[in-house]
Structure formats: structure tokens, C-alpha cells
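Only one structure is covered here, and it is reproduced in the block below.
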Amino acid sequence: MRRTIMRIEDSKVVGALQELGIQLRPGTRLSELTSLGIGGTTDRLLIKNHEAIPDLLNLLDSQGIPHRFLGGGSNLLVGDGELPWVVLQLVSSQPDIVLEGNFAKVDAAADLGRTVTYCAKNDLGGMEGLIGVPGTVGGALRMNAGAYGMQIGTYVREVKLYRSAARKIETLRGDQISFEYRHTSFAPDDMMLAVKLELPSKPYPEILKGIRICNEKRRASQPLGQKSAGCIFKNPPGASSGRMIDELGLKGLNVGDARVSDRHANFFVNAGKASAKDMLALISAVRQRVEKSFGLILEFEVVLWNA
Ligand code: EPU
């Protein structure tokens, strides 16, 4: 299939971006911005000021420049080569976490792990399970990230976002958003900007105990030091994708440097120079084996961009 290359070269567009305070980083290799270390090349637009977003998107649309929103790149499989859209990425404001009583106002670009520990040090708990989940708070919010019996959606009271349908920045109350297993009611083109969380008070030492337990469990069962995008597939209701793949003896199965982790069979790692093509071929082989043996079609947990 022939792919369109998307690069911003028109000097009028470059000038308009400058006026909006948007930084253009031409020719960014997304393999350097994704936890899998996979992904082709495109232009990256860095946004410092949220208020510039509606004008930026109007500009891109009027110029026929497709775009994607990139968070921490930790749950993403991006295609190889020249990519047919530019990526928009938020630059975190400082401070990116502001506490008021039991509320934490957090910038979407803030690192999730840092947010969990910062809140913990201020005696705000609840998110212990999320320690060790890589990525930004915005990404965790969009996917309703969860682990060890908790999910971020439980604590969300307000979300500031760019809503694609209204083409403007709005604030939604937590009860206007549905948070399900690794799924939310946000539209694919909505861009998370900031969140207000309400967290239970807990003494720091107690939260730390919970954090240590989750860290240990994660270290014991997941390939933490390796390049991965976390779990590739969702768990079907009442079943475990990792266990099924393991039972089929597929740990270690590889296509090039794309490999089913020896430690957790639902983690597929880039053991060297894997391409998106390698990773997809591996995913598809595993999916077929699971379907054949268990009669289940596994759904993606990882987000695919042109892969
Ligand atoms: N298991 C195996 N072999 C494996 C992997 C797992 O037999 O290779 C078995 C385990 O022994 C256990 C069961 O399968 O009995 C479930 O495994 P685990 O506790 O590791 O949890 P999981 O269902 O595989 C889910 C989330 C993880 C999250 C953990 C901890 C999904 C798809 N995965 O994994 O989230 O960290 O629970 O709560 O929901 C992610 O979102 O990317 C992710 C990794």
C-alpha cells in the first residue's frame, strides 16, 4: 500500500505555528519516543499553552494536515517508515501537580509514576497499584489504566480536555465520563489536558507499603527492564490472555527481534531492532493460535497507529 508522507514545509504554516507558540520538531523518530522502541518518522509539534490548541487544530485542518496526539508513548505500536500524520505533544506546565486538601490537580503531560509518589508523600493514597505503569497521566486517563485491583477512573472528579466534537476546550465532571476496563467514553480525537483527582488520605508509610508490594509483584511477573508496551491484549471476560498464551507454549516465540516475553506471555518485547512489521506478524501469529485453541479472538490493549 502506498503511504502519504506528512511533513510541514510550507513557510506560511511554519510562521503560523510560531505565532501560536508551537514548537516544530521536524523529522522526529517515534522509535525514540515509544517504550517499544518502534515507530517511523514524522514532524512533532510541542504545545506549551493549552489555549493555542483550538487555533492549532483549525490551522492543521485548513491545511489538510492529519495529526495524532502522543502522550508518553508507552502503550503504543507505531508503524515503520515515513508516517502519514504529524504528532502533537503537550509540554508539561510547572508545577504539574497542585494539591488542595484531598484534591490533586494534575497536568495531562505529568509522569504517572511521579504523580503517584508525589501524592503519596503528601499522604494521599489510592493509586498504589499504578506504580510502575509507565506513561503520562493523560494517557492513563484515556485508557483508564489500572492494575492490582484499582483503576485511575475511580478517582477522577474533573477532566479538562480539548473536545473534538465541540472544537473547543471544555471541562467535564467525573460523572459525565464512563470509565470501564481499559476503556473510556472520550472520543478518539479528544485531547486530555488536565485532571482533578480526589484521593483518600492515608499516612505515607502505609501507602509506601502498598507501593512496595505492587512493585514486587510487578517485578516478579513482568519484564520490566525490556522494551515493551505492557500487555498487548486485553483479558477476555473471565480469562487471562497471558495464561492462555503461556499454556500454548508460546513464550520466547519470535519474529525477528519481536519476541513473546519469557516472563509474562502477554508482554511482547523488542529484543533488539524489531520493526512494527515484525511485531505485527508476531501478534497475528499468537492471536491465531489462541483463536484456534481457545475459540477466543483477543482484543488489542495496545493502541496501533498505522501498524
Ligand atoms: N499467567 C501465566 N503466564 C503468564 C502470565 C500470566 O500463567 O505468562 C497467569 C498468572 O500466573 C495469573 C494470571 O495469568 O494467574 C494473571 O496474570 P497477572 O496477574 O500477571 O495479570 P494479567 O491479567 O496478565 C493484568 C493487567 C496488567 C496488570 C496486571 C496486574 C490486562 C491485560 N493486564 O495482567 O496490565 O499490570 O493485571 O494487575 O488487563 C497493561 O495494562 O499493560 C498491563 C500489563
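Ordering of the C-alpha cells sets the chain letters (A, B, ...); residue numbers start at 1 within each chain; ligands are numbered from 1 in the order shown.
Shell of Leu248 in chain A at 9 Å, with only C-alpha atoms counted and residues fewer than 4 places along the chain excluded, is Arg243, Met244, Arg289, Val290 and Ser293 of chain A.
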Could you take the residues named above and write them with C-alpha atoms, as a PDB file, in the first residue's frame?
```pdb
ATOM      1  CA  ARG A 243      -2.080 -17.505  30.838  1.00  0.00           C
ATOM      2  CA  MET A 244      -3.611 -18.738  27.554  1.00  0.00           C
ATOM      3  CA  ARG A 289      -3.072 -19.744  17.851  1.00  0.00           C
ATOM      4  CA  VAL A 290      -5.280 -18.530  20.702  1.00  0.00           C
ATOM      5  CA  SER A 293      -7.136 -23.451  20.620  1.00  0.00           C
TER       6      SER A 293
END
```
Write out as an MDAnalysis selection string each polymer residue (protein, DNA or RNA) that has an atom no more than 6 Å from ligand 1, with only C-alpha atoms and all ligand atoms counted. chainID A and resid 147:148 221 230:231 233:235 240 242:243 246 263:265
Taking 4 positions as the minimum chain separation for residues in the same chain, which residues sit within 7 Å of Ala109 in chain A when counting only C-alpha atoms? Answer as a short mmCIF file (atom, residue, chain, number, x, y, z; two decimals) with N, CA and C atoms, in the first residue's frame.
```
data_model
loop_
_atom_site.label_atom_id
_atom_site.label_comp_id
_atom_site.auth_asym_id
_atom_site.auth_seq_id
_atom_site.Cartn_x
_atom_site.Cartn_y
_atom_site.Cartn_z
N GLY A 71 1.07 10.80 23.92
CA GLY A 71 1.29 11.00 25.36
C GLY A 71 2.70 10.54 25.69
N LEU A 90 1.97 17.49 24.37
CA LEU A 90 1.92 18.57 25.36
C LEU A 90 3.23 18.65 26.11
N VAL A 91 3.65 19.87 26.39
CA VAL A 91 4.81 20.07 27.26
C VAL A 91 4.22 20.35 28.64
N SER A 92 4.72 19.65 29.63
CA SER A 92 4.16 19.77 30.97
C SER A 92 4.34 21.18 31.53
N THR A 136 2.13 8.92 30.76
CA THR A 136 1.66 10.18 31.34
C THR A 136 0.30 9.98 32.01
N VAL A 137 -0.06 10.97 32.81
CA VAL A 137 -1.38 10.94 33.45
C VAL A 137 -2.48 11.01 32.38
N GLY A 138 -2.25 11.80 31.32
CA GLY A 138 -3.25 11.90 30.25
C GLY A 138 -3.49 10.56 29.58
#
```
What are the DSSP alpha helix (DSSP H) residues of range 19-221 of chain A, as a PyMOL selection string? chain A and resi 19+53-62+112-121+137-143+204-221
Write the residues of the selection above to a file with N, CA and C atoms, as a short mmCIF file (atom, residue, chain, number, x, y, z; two decimals), in the first residue's frame.
```
data_model
loop_
_atom_site.label_atom_id
_atom_site.label_comp_id
_atom_site.auth_asym_id
_atom_site.auth_seq_id
_atom_site.Cartn_x
_atom_site.Cartn_y
_atom_site.Cartn_z
N GLU A 19 3.67 31.77 15.50
CA GLU A 19 2.79 32.77 16.12
C GLU A 19 1.94 32.18 17.23
N ILE A 53 -4.54 25.39 21.41
CA ILE A 53 -4.92 24.13 20.74
C ILE A 53 -6.06 24.30 19.71
N PRO A 54 -7.16 25.00 20.05
CA PRO A 54 -8.21 25.13 19.03
C PRO A 54 -7.68 25.79 17.75
N ASP A 55 -6.89 26.85 17.88
CA ASP A 55 -6.34 27.52 16.67
C ASP A 55 -5.38 26.59 15.94
N LEU A 56 -4.60 25.84 16.69
CA LEU A 56 -3.66 24.90 16.06
C LEU A 56 -4.42 23.87 15.23
N LEU A 57 -5.48 23.32 15.82
CA LEU A 57 -6.22 22.28 15.09
C LEU A 57 -6.96 22.85 13.89
N ASN A 58 -7.45 24.09 14.02
CA ASN A 58 -8.08 24.74 12.86
C ASN A 58 -7.05 24.91 11.74
N LEU A 59 -5.84 25.31 12.14
CA LEU A 59 -4.77 25.51 11.16
C LEU A 59 -4.44 24.18 10.45
N LEU A 60 -4.26 23.12 11.23
CA LEU A 60 -3.90 21.83 10.64
C LEU A 60 -5.02 21.34 9.71
N ASP A 61 -6.26 21.49 10.16
CA ASP A 61 -7.39 21.03 9.33
C ASP A 61 -7.47 21.84 8.04
N SER A 62 -7.28 23.17 8.16
CA SER A 62 -7.42 24.00 6.95
C SER A 62 -6.31 23.68 5.95
N LEU A 112 3.08 9.63 35.22
CA LEU A 112 2.14 8.94 36.12
C LEU A 112 2.84 8.48 37.41
N GLY A 113 4.00 7.85 37.27
CA GLY A 113 4.70 7.33 38.45
C GLY A 113 5.07 8.46 39.42
N ARG A 114 5.52 9.58 38.87
CA ARG A 114 5.89 10.73 39.71
C ARG A 114 4.65 11.26 40.43
N THR A 115 3.51 11.24 39.75
CA THR A 115 2.27 11.72 40.35
C THR A 115 1.88 10.83 41.54
N VAL A 116 1.99 9.51 41.34
CA VAL A 116 1.64 8.57 42.42
C VAL A 116 2.54 8.84 43.63
N THR A 117 3.84 8.99 43.39
CA THR A 117 4.76 9.15 44.54
C THR A 117 4.62 10.54 45.18
N TYR A 118 4.40 11.56 44.36
CA TYR A 118 4.24 12.92 44.91
C TYR A 118 3.00 12.97 45.82
N CYS A 119 1.90 12.38 45.34
CA CYS A 119 0.67 12.37 46.15
C CYS A 119 0.91 11.55 47.43
N ALA A 120 1.59 10.41 47.27
CA ALA A 120 1.87 9.54 48.43
C ALA A 120 2.64 10.31 49.51
N LYS A 121 3.65 11.05 49.08
CA LYS A 121 4.48 11.79 50.05
C LYS A 121 3.67 12.86 50.76
N VAL A 137 -0.06 10.97 32.81
CA VAL A 137 -1.38 10.94 33.45
C VAL A 137 -2.48 11.01 32.38
N GLY A 138 -2.25 11.80 31.32
CA GLY A 138 -3.25 11.90 30.25
C GLY A 138 -3.49 10.56 29.58
N GLY A 139 -2.43 9.82 29.33
CA GLY A 139 -2.54 8.50 28.71
C GLY A 139 -3.27 7.53 29.62
N ALA A 140 -2.93 7.59 30.92
CA ALA A 140 -3.57 6.69 31.89
C ALA A 140 -5.07 6.98 31.96
N LEU A 141 -5.40 8.25 31.87
CA LEU A 141 -6.79 8.69 31.93
C LEU A 141 -7.58 8.19 30.72
N ARG A 142 -6.99 8.39 29.55
CA ARG A 142 -7.68 7.99 28.30
C ARG A 142 -7.97 6.50 28.28
N MET A 143 -7.01 5.70 28.78
CA MET A 143 -7.14 4.24 28.74
C MET A 143 -7.78 3.68 30.00
N TYR A 204 1.76 8.34 54.76
CA TYR A 204 2.77 7.96 53.76
C TYR A 204 3.34 6.55 53.98
N PRO A 205 3.74 6.19 55.23
CA PRO A 205 4.34 4.86 55.40
C PRO A 205 3.40 3.74 54.96
N GLU A 206 2.11 3.95 55.18
CA GLU A 206 1.13 2.92 54.79
C GLU A 206 1.03 2.82 53.25
N ILE A 207 1.03 3.99 52.60
CA ILE A 207 0.96 3.99 51.13
C ILE A 207 2.22 3.32 50.58
N LEU A 208 3.35 3.65 51.21
CA LEU A 208 4.63 3.11 50.76
C LEU A 208 4.64 1.58 50.82
N LYS A 209 4.02 1.05 51.86
CA LYS A 209 3.93 -0.41 51.99
C LYS A 209 3.21 -0.99 50.78
N GLY A 210 2.06 -0.38 50.45
CA GLY A 210 1.26 -0.82 49.29
C GLY A 210 2.06 -0.70 48.00
N ILE A 211 2.79 0.40 47.86
CA ILE A 211 3.60 0.63 46.65
C ILE A 211 4.67 -0.47 46.53
N ARG A 212 5.28 -0.79 47.66
CA ARG A 212 6.35 -1.82 47.63
C ARG A 212 5.79 -3.17 47.24
N ILE A 213 4.62 -3.50 47.76
CA ILE A 213 4.00 -4.79 47.43
C ILE A 213 3.72 -4.87 45.93
N CYS A 214 3.13 -3.79 45.39
CA CYS A 214 2.81 -3.79 43.94
C CYS A 214 4.07 -3.85 43.11
N ASN A 215 5.10 -3.11 43.54
CA ASN A 215 6.38 -3.13 42.83
C ASN A 215 6.96 -4.54 42.78
N GLU A 216 6.89 -5.22 43.92
CA GLU A 216 7.45 -6.58 43.98
C GLU A 216 6.69 -7.52 43.06
N LYS A 217 5.34 -7.43 43.12
CA LYS A 217 4.53 -8.31 42.27
C LYS A 217 4.86 -8.06 40.81
N ARG A 218 5.00 -6.79 40.45
CA ARG A 218 5.27 -6.44 39.07
C ARG A 218 6.65 -6.95 38.64
N ARG A 219 7.63 -6.74 39.53
CA ARG A 219 8.99 -7.20 39.21
C ARG A 219 9.03 -8.72 39.01
N ALA A 220 8.22 -9.42 39.84
CA ALA A 220 8.24 -10.88 39.77
C ALA A 220 7.55 -11.42 38.52
N SER A 221 6.61 -10.64 37.95
CA SER A 221 5.80 -11.24 36.87
C SER A 221 5.92 -10.54 35.52
#
```
As a ChimeraX atom specification, list the residues of range 137-238 of chain A assigned to strand (DSSP E) by DSSP on the backbone atoms of this structure. /A:146-147,150-151,156-163,168-173,179-180,183-184,191-198
Expected file contents, prior selection, C-alpha atoms, as a PDB file, in the first residue's frame:
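New file selection_9.pdb:
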```
ATOM      1  CA  GLY A 146      -5.421   0.000  36.141  1.00  0.00           C
ATOM      2  CA  ALA A 147      -3.546  -2.689  37.999  1.00  0.00           C
ATOM      3  CA  MET A 150      -7.570  -0.334  41.106  1.00  0.00           C
ATOM      4  CA  GLN A 151      -8.150   1.939  38.141  1.00  0.00           C
ATOM      5  CA  VAL A 156     -11.377  11.334  38.603  1.00  0.00           C
ATOM      6  CA  ARG A 157     -13.563  14.300  39.564  1.00  0.00           C
ATOM      7  CA  GLU A 158     -12.921  16.634  36.630  1.00  0.00           C
ATOM      8  CA  VAL A 159     -11.165  16.492  33.291  1.00  0.00           C
ATOM      9  CA  LYS A 160     -10.078  19.471  31.223  1.00  0.00           C
ATOM     10  CA  LEU A 161      -9.851  18.425  27.600  1.00  0.00           C
ATOM     11  CA  TYR A 162      -9.934  19.626  24.027  1.00  0.00           C
ATOM     12  CA  ARG A 163     -13.184  18.149  22.723  1.00  0.00           C
ATOM     13  CA  LYS A 168     -13.008  23.763  21.989  1.00  0.00           C
ATOM     14  CA  ILE A 169     -11.565  23.264  25.439  1.00  0.00           C
ATOM     15  CA  GLU A 170     -14.133  22.064  27.974  1.00  0.00           C
ATOM     16  CA  THR A 171     -14.251  20.694  31.495  1.00  0.00           C
ATOM     17  CA  LEU A 172     -16.203  17.506  32.202  1.00  0.00           C
ATOM     18  CA  ARG A 173     -17.206  16.255  35.612  1.00  0.00           C
ATOM     19  CA  PHE A 179     -14.630   4.505  32.866  1.00  0.00           C
ATOM     20  CA  GLU A 180     -14.598   0.818  32.010  1.00  0.00           C
ATOM     21  CA  HIS A 183     -11.792   1.950  28.008  1.00  0.00           C
ATOM     22  CA  THR A 184     -13.341   5.401  28.457  1.00  0.00           C
ATOM     23  CA  MET A 191      -7.076  15.541  23.881  1.00  0.00           C
ATOM     24  CA  MET A 192      -6.649  15.214  27.637  1.00  0.00           C
ATOM     25  CA  LEU A 193      -5.232  18.418  29.151  1.00  0.00           C
ATOM     26  CA  ALA A 194      -5.559  18.178  32.930  1.00  0.00           C
ATOM     27  CA  VAL A 195      -7.355  16.167  35.593  1.00  0.00           C
ATOM     28  CA  LYS A 196      -8.603  16.755  39.109  1.00  0.00           C
ATOM     29  CA  LEU A 197      -8.335  13.615  41.244  1.00  0.00           C
ATOM     30  CA  GLU A 198      -9.861  13.108  44.680  1.00  0.00           C
TER      31      GLU A 198
END
```
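Remark: for Asp190 in chain A, the closest of the candidate residues A:Ala165, A:Val13, A:Val78, A:Val106 is A:Ala165 (distances computed over only C-alpha atoms).
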Grab the CA of Gly72 in chain A to CA of Thr34 in chain A distance for me, in Å with one decimal place.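 One can read the CA of Gly72 in chain A to CA of Thr34 in chain A distance as 7.2 Å.
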